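> Sharing input24.cif, mmCIF, C-alpha atoms and all ligand atoms:
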```
data_coords
#
loop_
_atom_site.label_atom_id
_atom_site.label_comp_id
_atom_site.auth_asym_id
_atom_site.auth_seq_id
_atom_site.Cartn_x
_atom_site.Cartn_y
_atom_site.Cartn_z
CA MET A 1 89.80 33.02 45.66
CA SER A 2 88.93 33.03 49.39
CA GLU A 3 91.71 32.97 52.05
CA PRO A 4 92.73 29.47 53.25
CA GLY A 5 90.39 28.10 55.92
CA LYS A 6 87.66 30.58 54.93
CA THR A 7 84.90 29.84 52.42
CA LYS A 8 84.31 32.77 50.09
CA PHE A 9 80.90 33.31 51.73
CA GLN A 10 82.30 33.77 55.25
CA VAL A 11 81.92 37.38 56.33
CA ASP A 12 83.98 38.18 59.42
CA LEU A 13 82.73 40.35 62.27
CA ARG A 14 84.72 43.51 61.48
CA ARG A 15 83.79 43.47 57.78
CA HIS A 16 80.13 42.87 58.64
CA LEU A 17 80.11 45.80 61.10
CA ARG A 18 81.77 48.07 58.51
CA GLU A 19 79.34 47.03 55.79
CA THR A 20 76.37 47.70 58.06
CA GLY A 21 77.71 51.21 58.74
CA VAL A 22 78.40 50.85 62.48
CA GLU A 23 80.30 53.79 63.98
CA GLU A 24 84.11 53.22 63.93
CA ASN A 25 84.75 53.37 67.71
CA LEU A 26 81.87 50.96 68.31
CA ILE A 27 83.29 48.56 65.71
CA HIS A 28 86.63 48.71 67.51
CA LEU A 29 84.99 48.09 70.89
CA ILE A 30 82.89 45.11 69.72
CA CYS A 31 85.94 43.59 68.00
CA GLU A 32 88.10 44.10 71.10
CA ILE A 33 85.52 42.21 73.21
CA ALA A 34 85.46 39.49 70.54
CA GLU A 35 89.28 39.30 70.75
CA ALA A 36 89.15 39.06 74.57
CA SER A 37 86.78 36.08 74.26
CA LYS A 38 89.58 34.06 72.67
CA TYR A 39 91.63 34.35 75.88
CA ILE A 40 88.55 33.56 77.99
CA ILE A 41 87.97 30.43 75.90
CA HIS A 42 91.56 29.39 76.56
CA SER A 43 91.16 29.94 80.32
CA ILE A 44 87.90 27.91 80.36
CA ARG A 45 89.44 25.05 78.41
CA THR A 46 92.70 24.96 80.40
CA GLY A 47 92.38 27.15 83.52
CA GLU A 48 92.25 25.74 87.02
CA LEU A 49 88.74 25.19 88.34
CA GLY A 50 87.44 25.97 91.77
CA VAL A 51 87.54 29.06 93.94
CA ALA A 52 89.96 31.95 93.70
CA GLY A 53 90.03 32.39 97.47
CA THR A 54 88.29 35.78 97.09
CA SER A 55 84.65 36.80 97.09
CA ASN A 56 82.73 39.52 95.26
CA LEU A 57 80.62 42.10 97.04
CA TYR A 58 77.67 39.67 97.10
CA GLY A 59 79.83 37.52 99.33
CA GLU A 60 79.79 34.93 96.53
CA GLN A 61 83.05 33.02 96.26
CA GLN A 62 84.77 34.22 93.10
CA LEU A 63 85.84 31.30 90.99
CA ALA A 64 89.33 31.50 89.57
CA LEU A 65 87.72 31.74 86.12
CA ASP A 66 85.46 34.67 87.13
CA VAL A 67 88.49 36.66 88.22
CA LEU A 68 90.54 35.61 85.20
CA ALA A 69 87.80 36.46 82.70
CA ASP A 70 87.22 39.79 84.43
CA ARG A 71 90.92 40.64 84.24
CA ILE A 72 91.12 39.69 80.55
CA LEU A 73 88.20 41.95 79.64
CA ARG A 74 89.27 44.84 81.88
CA LYS A 75 92.73 44.89 80.29
CA ARG A 76 91.30 44.88 76.76
CA LEU A 77 88.80 47.63 77.54
CA ASP A 78 91.43 49.67 79.40
CA HIS A 79 93.71 49.70 76.36
CA SER A 80 91.00 49.96 73.71
CA GLY A 81 91.08 53.78 73.59
CA VAL A 82 87.29 53.91 73.17
CA VAL A 83 86.04 53.27 76.72
CA ALA A 84 85.02 56.03 79.16
CA ASN A 85 83.84 53.97 82.16
CA MET A 86 83.39 50.28 82.87
CA MET A 87 81.93 48.02 85.51
CA SER A 88 81.44 44.30 85.93
CA GLU A 89 79.81 41.74 88.16
CA GLU A 90 83.22 41.19 89.78
CA MET A 91 83.83 44.89 90.57
CA ASP A 92 82.35 46.78 93.52
CA GLN A 93 82.29 50.14 91.73
CA ILE A 94 82.38 51.77 88.33
CA ILE A 95 85.97 52.06 87.06
CA PRO A 96 86.80 55.30 85.18
CA VAL A 97 88.99 54.62 82.13
CA SER A 98 89.26 57.97 80.38
CA PRO A 99 87.88 61.42 81.29
CA ASP A 100 87.41 62.60 77.69
CA TRP A 101 84.29 60.56 77.04
CA GLU A 102 83.23 62.26 73.76
CA GLY A 103 82.67 59.61 71.09
CA LYS A 104 83.53 56.87 73.59
CA TYR A 105 81.42 54.21 75.26
CA SER A 106 80.80 52.87 78.76
CA VAL A 107 80.61 49.13 79.28
CA ALA A 108 78.89 46.94 81.90
CA PHE A 109 79.70 43.27 81.66
CA ASP A 110 79.38 39.88 83.25
CA PRO A 111 82.76 38.39 82.34
CA LEU A 112 81.70 34.82 82.92
CA ASP A 113 78.01 34.13 83.53
CA GLY A 114 77.19 30.72 84.98
CA SER A 115 80.84 30.17 85.85
CA SER A 116 80.00 27.42 88.38
CA LEU A 117 78.71 25.37 85.42
CA VAL A 118 82.24 25.03 84.01
CA ASP A 119 83.04 22.47 86.74
CA VAL A 120 80.30 20.24 85.32
CA ASN A 121 81.18 21.05 81.70
CA LEU A 122 78.01 22.96 80.84
CA ALA A 123 77.88 26.02 78.60
CA VAL A 124 78.71 29.49 79.98
CA GLY A 125 78.93 32.98 78.51
CA THR A 126 80.06 36.61 78.60
CA ILE A 127 77.36 39.32 78.59
CA VAL A 128 78.05 42.95 77.62
CA ALA A 129 75.97 46.15 77.70
CA ILE A 130 77.41 49.15 75.80
CA PHE A 131 76.19 52.71 76.42
CA PRO A 132 77.24 55.85 74.51
CA GLY A 133 79.30 58.34 76.55
CA TYR A 134 80.18 58.14 80.25
CA ASN A 135 76.92 57.24 81.98
CA LEU A 136 76.08 53.60 82.78
CA MET A 137 73.31 54.32 85.28
CA ARG A 138 70.46 54.71 82.80
CA PRO A 139 67.66 52.62 81.32
CA GLY A 140 68.80 49.77 79.10
CA ARG A 141 66.79 51.23 76.22
CA GLU A 142 69.60 53.79 75.85
CA GLN A 143 72.24 51.18 75.03
CA ALA A 144 74.23 51.70 71.83
CA ALA A 145 74.77 47.94 71.58
CA ALA A 146 74.45 44.67 73.48
CA MET A 147 76.20 41.38 72.91
CA TYR A 148 77.04 38.02 74.37
CA ILE A 149 79.54 35.29 73.66
CA LEU A 150 78.44 31.70 74.29
CA TYR A 151 81.16 29.16 75.15
CA GLY A 152 79.33 25.96 74.25
CA PRO A 153 80.06 23.00 71.96
CA ARG A 154 80.69 25.85 69.49
CA THR A 155 81.71 29.38 70.39
CA THR A 156 79.20 31.92 69.09
CA LEU A 157 78.79 35.67 69.38
CA VAL A 158 75.41 37.46 69.18
CA TYR A 159 75.11 41.26 68.96
CA SER A 160 72.77 44.10 68.08
CA VAL A 161 73.40 47.82 67.58
CA GLY A 162 69.68 48.51 67.31
CA ASP A 163 69.17 47.32 63.76
CA GLY A 164 68.42 43.62 64.23
CA VAL A 165 70.19 40.69 65.89
CA PHE A 166 73.12 38.85 64.27
CA GLU A 167 74.93 35.61 65.17
CA PHE A 168 78.56 34.77 64.42
CA GLY A 169 80.41 31.47 64.87
CA MET A 170 84.10 30.99 65.61
CA ASN A 171 85.81 29.16 62.76
CA ASN A 172 88.96 27.03 62.81
CA LEU A 173 91.07 30.21 62.48
CA MET A 174 89.37 31.54 65.67
CA GLU A 175 87.65 34.24 63.60
CA TYR A 176 83.98 35.10 64.08
CA THR A 177 82.08 34.67 60.80
CA LEU A 178 78.44 35.49 60.11
CA LEU A 179 75.95 32.65 60.66
CA ARG A 180 72.51 34.29 60.97
CA GLU A 181 71.07 37.74 60.22
CA HIS A 182 67.99 39.49 61.63
CA ILE A 183 67.08 36.72 64.08
CA THR A 184 63.40 37.02 65.07
CA LEU A 185 61.09 35.42 67.65
CA LYS A 186 57.59 34.07 67.02
CA PRO A 187 54.80 35.78 69.02
CA LYS A 188 54.31 32.69 71.21
CA GLY A 189 56.57 29.77 72.17
CA SER A 190 56.54 26.10 73.13
CA LEU A 191 59.44 26.01 75.59
CA TYR A 192 59.98 27.62 78.98
CA SER A 193 63.06 28.07 81.13
CA PRO A 194 61.96 28.54 84.78
CA GLY A 195 64.67 29.78 87.18
CA GLY A 196 64.43 29.72 90.95
CA VAL A 197 63.07 27.08 93.32
CA ARG A 198 59.43 26.17 92.58
CA ASN A 199 58.26 26.14 96.21
CA GLN A 200 59.34 29.77 96.44
CA TYR A 201 57.07 30.85 93.58
CA THR A 202 54.41 33.44 94.44
CA PRO A 203 50.75 32.66 93.51
CA GLY A 204 50.91 34.65 90.26
CA VAL A 205 54.12 32.97 89.08
CA GLU A 206 52.83 29.56 90.13
CA SER A 207 49.63 30.00 88.12
CA TYR A 208 51.61 31.32 85.13
CA VAL A 209 53.96 28.33 85.07
CA SER A 210 51.05 25.89 85.58
CA SER A 211 49.28 27.50 82.60
CA LEU A 212 52.40 26.93 80.46
CA GLU A 213 52.58 23.30 81.57
CA LYS A 214 48.85 22.79 80.84
CA ARG A 215 49.54 24.14 77.34
CA GLY A 216 52.15 21.39 76.94
CA VAL A 217 55.14 23.78 76.79
CA LYS A 218 58.47 21.94 77.15
CA LEU A 219 60.82 22.70 80.09
CA ARG A 220 64.36 23.57 78.98
CA TYR A 221 66.64 24.94 81.75
CA SER A 222 70.44 24.64 81.91
CA GLY A 223 71.11 27.05 84.79
CA GLY A 224 73.17 29.26 82.46
CA PHE A 225 71.50 32.54 81.51
CA VAL A 226 73.45 32.84 78.23
CA PRO A 227 72.74 29.34 76.82
CA ASP A 228 69.14 29.49 78.08
CA ILE A 229 68.49 32.83 76.34
CA ASN A 230 70.45 31.73 73.27
CA GLN A 231 68.14 28.72 72.96
CA VAL A 232 65.03 30.97 73.00
CA LEU A 233 66.62 33.33 70.48
CA LEU A 234 67.88 30.73 68.01
CA LYS A 235 64.87 28.43 68.24
CA GLY A 236 62.90 31.61 67.63
CA GLU A 237 60.56 30.90 70.50
CA GLY A 238 60.18 30.38 74.23
CA ILE A 239 60.20 32.22 77.54
CA PHE A 240 62.88 32.44 80.22
CA LEU A 241 61.87 33.54 83.71
CA TYR A 242 63.81 34.16 86.87
CA PRO A 243 60.92 35.67 88.82
CA HIS A 244 60.52 37.46 92.14
CA LEU A 245 60.50 34.66 94.75
CA LYS A 246 59.17 34.53 98.31
CA ASN A 247 62.77 34.34 99.55
CA LEU A 248 64.20 36.59 96.77
CA PRO A 249 61.66 39.39 96.20
CA ARG A 250 63.87 41.02 93.53
CA GLY A 251 64.81 37.73 91.89
CA LYS A 252 68.45 36.84 91.26
CA LEU A 253 69.66 38.39 87.99
CA ARG A 254 71.38 41.77 87.84
CA LEU A 255 69.85 44.58 85.83
CA LEU A 256 72.90 46.39 84.48
CA PHE A 257 75.04 43.60 83.04
CA GLU A 258 72.68 40.63 82.71
CA LEU A 259 69.08 41.75 82.13
CA SER A 260 69.50 45.02 80.19
CA PRO A 261 71.77 43.56 77.46
CA MET A 262 69.62 40.44 77.05
CA ALA A 263 66.40 42.49 77.05
CA TYR A 264 67.88 44.74 74.35
CA LEU A 265 68.70 41.73 72.15
CA ILE A 266 65.34 40.02 72.69
CA GLU A 267 63.37 43.23 71.97
CA GLN A 268 65.47 43.74 68.84
CA ALA A 269 64.40 40.20 67.81
CA GLY A 270 60.73 41.21 68.23
CA GLY A 271 60.30 39.68 71.68
CA ALA A 272 59.71 41.32 75.07
CA ALA A 273 61.37 41.46 78.49
CA SER A 274 59.52 42.49 81.63
CA ASP A 275 60.10 42.60 85.40
CA GLY A 276 56.50 41.36 85.68
CA LYS A 277 55.03 44.86 85.48
CA GLN A 278 57.04 46.93 82.99
CA PRO A 279 59.73 46.53 80.31
CA ILE A 280 63.19 45.75 81.69
CA LEU A 281 64.59 48.35 79.27
CA ASP A 282 62.60 51.13 80.97
CA LEU A 283 63.95 50.38 84.46
CA MET A 284 66.21 53.11 85.89
CA PRO A 285 69.03 51.42 87.86
CA ASN A 286 69.63 52.98 91.29
CA ASP A 287 72.49 50.70 92.23
CA ILE A 288 75.14 49.13 90.01
CA HIS A 289 74.30 45.66 91.31
CA GLU A 290 70.54 46.07 91.39
CA ARG A 291 68.58 42.88 90.72
CA ALA A 292 65.19 42.55 89.02
CA PRO A 293 62.73 39.75 88.34
CA VAL A 294 62.62 38.83 84.66
CA PHE A 295 60.18 37.30 82.14
CA ILE A 296 61.87 37.40 78.74
CA GLY A 297 61.12 35.87 75.32
CA CYS A 298 58.09 35.68 73.05
CA LYS A 299 55.96 38.79 73.36
CA GLU A 300 52.62 37.04 73.97
CA ASP A 301 54.17 34.81 76.64
CA VAL A 302 55.57 37.86 78.43
CA LEU A 303 52.28 39.78 78.22
CA LEU A 304 50.45 36.72 79.62
CA ALA A 305 52.88 36.65 82.58
CA GLU A 306 52.20 40.36 83.28
CA LYS A 307 48.44 39.76 83.04
CA MET A 308 48.47 36.77 85.42
CA LEU A 309 50.63 38.65 87.91
CA ARG A 310 48.20 41.58 87.83
CA THR A 311 45.27 39.20 88.36
CA HIS A 312 46.86 37.20 91.16
CA GLU A 313 49.14 39.73 92.82
CA GLY A 314 47.60 43.13 92.15
CA GLY A 315 49.81 45.89 90.89
CA PRO A 316 48.69 48.37 88.24
CA ALA A 317 44.99 47.87 87.37
CA ALA A 318 44.60 45.33 84.58
CA GLN A 319 45.00 47.25 81.31
CA PRO A 320 43.32 46.10 78.12
CA GLU A 321 45.94 44.01 76.36
CA LYS A 322 47.89 46.43 74.24
CA THR A 323 50.44 45.31 71.71
CA ARG A 324 53.86 46.51 72.77
CA THR A 325 55.65 48.34 69.98
CA VAL A 326 59.33 47.59 69.64
CA LYS A 327 60.69 51.12 70.06
CA LYS A 328 63.91 51.50 68.11
CA SER A 329 66.63 51.86 70.75
CA ALA A 330 68.31 55.28 70.91
P1 LIG B 401 76.65 34.18 87.56
O1 LIG B 401 77.34 32.87 87.39
O2 LIG B 401 77.23 35.28 86.73
O3 LIG B 401 76.49 34.57 89.02
O4 LIG B 401 75.15 34.03 86.99
C1 LIG B 401 74.46 32.86 87.20
C2 LIG B 401 72.99 33.10 86.98
C3 LIG B 401 72.52 32.84 85.56
O5 LIG B 401 73.51 32.32 84.74
C4 LIG B 401 71.43 31.81 85.68
O6 LIG B 401 70.30 32.15 84.94
C5 LIG B 401 71.14 31.77 87.17
O7 LIG B 401 72.31 32.22 87.82
C6 LIG B 401 70.83 30.39 87.62
O8 LIG B 401 70.50 30.50 88.96
P2 LIG B 401 70.04 29.15 89.73
O9 LIG B 401 71.30 28.36 89.90
O10 LIG B 401 69.44 29.67 91.00
O11 LIG B 401 69.04 28.46 88.84
MN MN B 402 75.82 36.32 85.75
MN MN B 403 79.32 36.02 86.38
#
```
Please go through the file and, once you have read it, give me the structure as structure tokens.


Amino acid sequence: MSEPGKTKFQVDLRRHLRETGVEENLIHLICEIAEASKYIIHSIRTGELGVAGTSNLYGEQQLALDVLADRILRKRLDHSGVVANMMSEEMDQIIPVSPDWEGKYSVAFDPLDGSSLVDVNLAVGTIVAIFPGYNLMRPGREQAAAMYILYGPRTTLVYSVGDGVFEFGMNNLMEYTLLREHITLKPKGSLYSPGGVRNQYTPGVESYVSSLEKRGVKLRYSGGFVPDINQVLLKGEGIFLYPHLKNLPRGKLRLLFELSPMAYLIEQAGGAASDGKQPILDLMPNDIHERAPVFIGCKEDVLLAEKMLRTHEGGPAAQPEKTRTVKKSA
């Protein structure tokens, strides 16, 4: 007999992680972040909108919700007992949590991505990169796990610990129960999500996007990185790009807590993520808030972007198209 409100087939997040043999401290950490999301949902649904009267180190006005979501997650991670260091989009430095980092994890997160979209009632999300030990300043390929929570018409949680991508949905008891296992992308897609202002596209990006349009690929762009990536992942196809622009040569999205976690998930789903020249997961961050251009989604669509950028904008000599192997993350 299943518990009230739960069908007997519903597997909750903690049980799923246990059954798939995830390390105990990592289970605790992922479940603590899932718990924190319940308070973030509450603040989105009821919190005051508008600015918090403070700004982050980008000089961007911090919305009340950005600060609130950041505080909720920090507190949870601080008290989790399994975190060595943490940093977030809203912090201007890495925060040490505990010196004895053995068996613990370091976390980089975007507490509320797309927060300005809440004012117009569009979907937003939390993005989390999890590294083993104390060091966050390393290529995303070394993550122990990556996850996001999507606050949309339904609240869903997507994670990977390097053995496939799994989706959970929040049920009426506010528990996350398993919806999809081993989510995978097709080699090529029929939707594209182009960030940035078109008249700032460089020749290579312009020709790439025109080639997608000529192919009849549909434009789907919400302005929220989490829902836009979630759409590519769950439709099993598509490409998201926030490229280098004439006025933003490094693009807009941050490597540590936006691109690395999403690149990890997309590669685990058999897709690819590139800065236009090389895999996002191989980039070594030099600064905690470093930005990078991104082309992420179906592998063939990403390889085509790299090829067109090489043709139109130079860069490493055009290599014969090689299939990119999905290296199992460390
Ligand atoms: P954040 O709200 O954390 O600063 O991130 C917003 C990002 C990302 O969600 C999205 O892909 C991108 O901003 C959209 O940028 P544009 O508004 O320039 O399209
Ligand atoms: Mn963000
Ligand atoms: Mn944010």

> Quick one: distance from atom CA of A:Leu68 to atom CA of A:Ser115 in Å, one decimal?

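Answer for the atom CA of A:Leu68 to atom CA of A:Ser115 separation: 11.1 Å.
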
> Just give me the gap between atom CA of A:Thr311 and atom CA of A:Ser274 in Å, one decimal is fine.

16.1 Å

> Within 12 Å of A:Asn121, counting all atoms listed in the file, which residues show up once you throw out same-chain ones fewer than 2 positions away? Write them as a ChimeraX atom specification, please.

/A:44-45,49,114-119,123-124,151-153,222,224

> Within 9 Å of ligand MN 402 (chain B), counting only C-alpha atoms and all ligand atoms, which protein or nucleic acid residues do you find, written as a list of chain:residue names?

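Every residue with an atom at most 9 Å from ligand MN 402 (chain B) is listed here: A:Glu89, A:Phe109, A:Asp110, A:Pro111, A:Leu112, A:Asp113, A:Gly114, A:Ser115, A:Gly125, A:Thr126, A:Ile127, A:Gly224, A:Phe225, A:Val226, A:Leu253, A:Arg254, A:Phe257, A:Glu258.
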
> Just the selected residues (C-alpha atoms), exported as a compact mmCIF listing (two decimals), in the frame of the given file, please.


```
# COMPACT_ATOMS: atom_id res chain seq x y z
CA GLU A 89 79.81 41.74 88.16
CA PHE A 109 79.70 43.27 81.66
CA ASP A 110 79.38 39.88 83.25
CA PRO A 111 82.76 38.39 82.34
CA LEU A 112 81.70 34.82 82.92
CA ASP A 113 78.01 34.13 83.53
CA GLY A 114 77.19 30.72 84.98
CA SER A 115 80.84 30.17 85.85
CA GLY A 125 78.93 32.98 78.51
CA THR A 126 80.06 36.61 78.60
CA ILE A 127 77.36 39.32 78.59
CA GLY A 224 73.17 29.26 82.46
CA PHE A 225 71.50 32.54 81.51
CA VAL A 226 73.45 32.84 78.23
CA LEU A 253 69.66 38.39 87.99
CA ARG A 254 71.38 41.77 87.84
CA PHE A 257 75.04 43.60 83.04
CA GLU A 258 72.68 40.63 82.71
```

> Which is closer to ligand MN 403 (chain B) than all the others in A:Lys218, A:His289, A:Lys246, A:Lys307, using only C-alpha atoms and all ligand atoms?

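Among A:Lys218, A:His289, A:Lys246, A:Lys307, it is A:His289 that comes nearest to ligand MN 403 (chain B).
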
> Please determine an axis-aligned box that encloses all atoms of stretch 187-195 of chain A listed in the file, with 5 Å added on each side, and express its centre and edge lengths in Å to one decimal as AutoDock Vina command-line options.


```
--center_x 59.5 --center_y 30.9 --center_z 78.1 --size_x 20.4 --size_y 19.8 --size_z 28.2
```

> If we count only C-alpha atoms, what is near stretch 155-161 of chain A at a cut-off of 8 Å, once residues fewer than 4 positions away on the same chain are taken out, given as a list in words?

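So the residues in contact are Val22, Ala34, Ala144, Ala145, Ala146, Met147, Tyr148, Ile149, Leu150, Tyr151, Val165, Phe166, Glu167, Phe168, Gly169, Met170, Tyr176, Tyr264, Leu265 and Gln268 of chain A.
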
> Could you pull the residues within 6 Å of stretch 294-305 of chain A, counting all atoms listed in the file, minus those fewer than 3 positions along the same chain, as a list in words?

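Here the answer would be Pro187, Lys188, Glu237, Gly238, Ile239, Phe240, Leu241, Tyr242, Pro243, Gly271, Ala272, Ala273, Ser274, Asp275 and Met308 of chain A.
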
> Using only C-alpha atoms, please write the residues we just selected to a file, as an mmCIF file, in the frame of the given file.


```cif
data_model
loop_
_atom_site.group_PDB
_atom_site.id
_atom_site.type_symbol
_atom_site.label_atom_id
_atom_site.label_comp_id
_atom_site.auth_asym_id
_atom_site.auth_seq_id
_atom_site.Cartn_x
_atom_site.Cartn_y
_atom_site.Cartn_z
ATOM 1 C CA PRO A 187 54.800 35.780 69.020
ATOM 2 C CA LYS A 188 54.310 32.690 71.210
ATOM 3 C CA GLU A 237 60.560 30.900 70.500
ATOM 4 C CA GLY A 238 60.180 30.380 74.230
ATOM 5 C CA ILE A 239 60.200 32.220 77.540
ATOM 6 C CA PHE A 240 62.880 32.440 80.220
ATOM 7 C CA LEU A 241 61.870 33.540 83.710
ATOM 8 C CA TYR A 242 63.810 34.160 86.870
ATOM 9 C CA PRO A 243 60.920 35.670 88.820
ATOM 10 C CA GLY A 271 60.300 39.680 71.680
ATOM 11 C CA ALA A 272 59.710 41.320 75.070
ATOM 12 C CA ALA A 273 61.370 41.460 78.490
ATOM 13 C CA SER A 274 59.520 42.490 81.630
ATOM 14 C CA ASP A 275 60.100 42.600 85.400
ATOM 15 C CA MET A 308 48.470 36.770 85.420
#
```

> Which of these, A:Val11, A:Val107, A:Leu73, A:Val197, has the shortest distance to A:Asn85 once you count only C-alpha atoms?

A:Val107

> Just how far from atom CA of A:Asp228 is atom CA of A:Gly196, in Å to one decimal?

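Separating atom CA of A:Gly196 from atom CA of A:Asp228 is a distance of 13.7 Å.
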
> Neighbours of A:Gly103 within 8 Å (all atoms listed in the file; same-chain residues fewer than 4 positions away dropped), as a PyMOL selection string?

chain A and resi 25+82+132-133

> Between A:Met262, A:Ile40, A:Leu13, A:Leu255, which is the closest to A:Pro139 once you count all atoms listed in the file?

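Once distances to A:Pro139 are computed over all atoms listed in the file, the minimum belongs to A:Leu255.
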
> Using the partial input, fill out stretch 67-74 of chain A with all heavy atoms; write the result as a PDB file, in the frame of the given file.


```pdb
ATOM      1  N   VAL A  67      87.473  35.611  88.036  1.00  0.00           N
ATOM      2  CA  VAL A  67      88.490  36.660  88.220  1.00  0.00           C
ATOM      3  C   VAL A  67      89.353  36.777  86.970  1.00  0.00           C
ATOM      4  O   VAL A  67      89.633  37.873  86.481  1.00  0.00           O
ATOM      5  CB  VAL A  67      89.360  36.326  89.477  1.00  0.00           C
ATOM      6  CG1 VAL A  67      90.477  37.332  89.643  1.00  0.00           C
ATOM      7  CG2 VAL A  67      88.475  36.300  90.725  1.00  0.00           C
ATOM      8  N   LEU A  68      89.688  35.629  86.400  1.00  0.00           N
ATOM      9  CA  LEU A  68      90.540  35.610  85.200  1.00  0.00           C
ATOM     10  C   LEU A  68      89.818  36.286  84.028  1.00  0.00           C
ATOM     11  O   LEU A  68      90.340  37.185  83.370  1.00  0.00           O
ATOM     12  CB  LEU A  68      90.861  34.157  84.869  1.00  0.00           C
ATOM     13  CG  LEU A  68      92.082  33.857  84.009  1.00  0.00           C
ATOM     14  CD1 LEU A  68      93.306  34.613  84.484  1.00  0.00           C
ATOM     15  CD2 LEU A  68      92.342  32.350  84.004  1.00  0.00           C
ATOM     16  N   ALA A  69      88.571  35.889  83.818  1.00  0.00           N
ATOM     17  CA  ALA A  69      87.800  36.460  82.700  1.00  0.00           C
ATOM     18  C   ALA A  69      87.615  37.951  82.892  1.00  0.00           C
ATOM     19  O   ALA A  69      87.715  38.744  81.940  1.00  0.00           O
ATOM     20  CB  ALA A  69      86.447  35.760  82.614  1.00  0.00           C
ATOM     21  N   ASP A  70      87.399  38.356  84.138  1.00  0.00           N
ATOM     22  CA  ASP A  70      87.220  39.790  84.430  1.00  0.00           C
ATOM     23  C   ASP A  70      88.505  40.557  84.105  1.00  0.00           C
ATOM     24  O   ASP A  70      88.478  41.598  83.459  1.00  0.00           O
ATOM     25  CB  ASP A  70      86.878  39.940  85.922  1.00  0.00           C
ATOM     26  CG  ASP A  70      86.464  41.350  86.271  1.00  0.00           C
ATOM     27  OD1 ASP A  70      85.493  41.844  85.662  1.00  0.00           O
ATOM     28  OD2 ASP A  70      87.141  41.973  87.096  1.00  0.00           O
ATOM     29  N   ARG A  71      89.622  39.957  84.474  1.00  0.00           N
ATOM     30  CA  ARG A  71      90.920  40.640  84.240  1.00  0.00           C
ATOM     31  C   ARG A  71      91.199  40.754  82.739  1.00  0.00           C
ATOM     32  O   ARG A  71      91.650  41.784  82.251  1.00  0.00           O
ATOM     33  CB  ARG A  71      92.027  39.829  84.943  1.00  0.00           C
ATOM     34  CG  ARG A  71      93.253  40.668  85.279  1.00  0.00           C
ATOM     35  CD  ARG A  71      94.237  39.907  86.124  1.00  0.00           C
ATOM     36  NE  ARG A  71      93.706  39.555  87.440  1.00  0.00           N
ATOM     37  CZ  ARG A  71      94.090  38.478  88.118  1.00  0.00           C
ATOM     38  NH1 ARG A  71      94.964  37.635  87.591  1.00  0.00           N
ATOM     39  NH2 ARG A  71      93.598  38.232  89.300  1.00  0.00           N
ATOM     40  N   ILE A  72      90.884  39.685  82.010  1.00  0.00           N
ATOM     41  CA  ILE A  72      91.120  39.690  80.550  1.00  0.00           C
ATOM     42  C   ILE A  72      90.327  40.824  79.887  1.00  0.00           C
ATOM     43  O   ILE A  72      90.849  41.621  79.110  1.00  0.00           O
ATOM     44  CB  ILE A  72      90.745  38.325  79.940  1.00  0.00           C
ATOM     45  CG1 ILE A  72      91.724  37.244  80.391  1.00  0.00           C
ATOM     46  CG2 ILE A  72      90.668  38.398  78.419  1.00  0.00           C
ATOM     47  CD1 ILE A  72      91.252  35.817  80.117  1.00  0.00           C
ATOM     48  N   LEU A  73      89.048  40.921  80.262  1.00  0.00           N
ATOM     49  CA  LEU A  73      88.200  41.950  79.640  1.00  0.00           C
ATOM     50  C   LEU A  73      88.602  43.351  80.077  1.00  0.00           C
ATOM     51  O   LEU A  73      88.678  44.272  79.264  1.00  0.00           O
ATOM     52  CB  LEU A  73      86.730  41.683  79.975  1.00  0.00           C
ATOM     53  CG  LEU A  73      86.015  40.806  78.952  1.00  0.00           C
ATOM     54  CD1 LEU A  73      84.743  40.209  79.519  1.00  0.00           C
ATOM     55  CD2 LEU A  73      85.707  41.586  77.685  1.00  0.00           C
ATOM     56  N   ARG A  74      88.887  43.503  81.382  1.00  0.00           N
ATOM     57  CA  ARG A  74      89.270  44.840  81.880  1.00  0.00           C
ATOM     58  C   ARG A  74      90.469  45.363  81.116  1.00  0.00           C
ATOM     59  O   ARG A  74      90.515  46.513  80.688  1.00  0.00           O
ATOM     60  CB  ARG A  74      89.716  44.705  83.344  1.00  0.00           C
ATOM     61  CG  ARG A  74      88.676  45.018  84.351  1.00  0.00           C
ATOM     62  CD  ARG A  74      89.361  45.183  85.679  1.00  0.00           C
ATOM     63  NE  ARG A  74      88.531  44.627  86.729  1.00  0.00           N
ATOM     64  CZ  ARG A  74      88.678  44.960  87.999  1.00  0.00           C
ATOM     65  NH1 ARG A  74      89.617  45.783  88.366  1.00  0.00           N
ATOM     66  NH2 ARG A  74      87.901  44.444  88.904  1.00  0.00           N
TER      67      ARG A  74
END
```
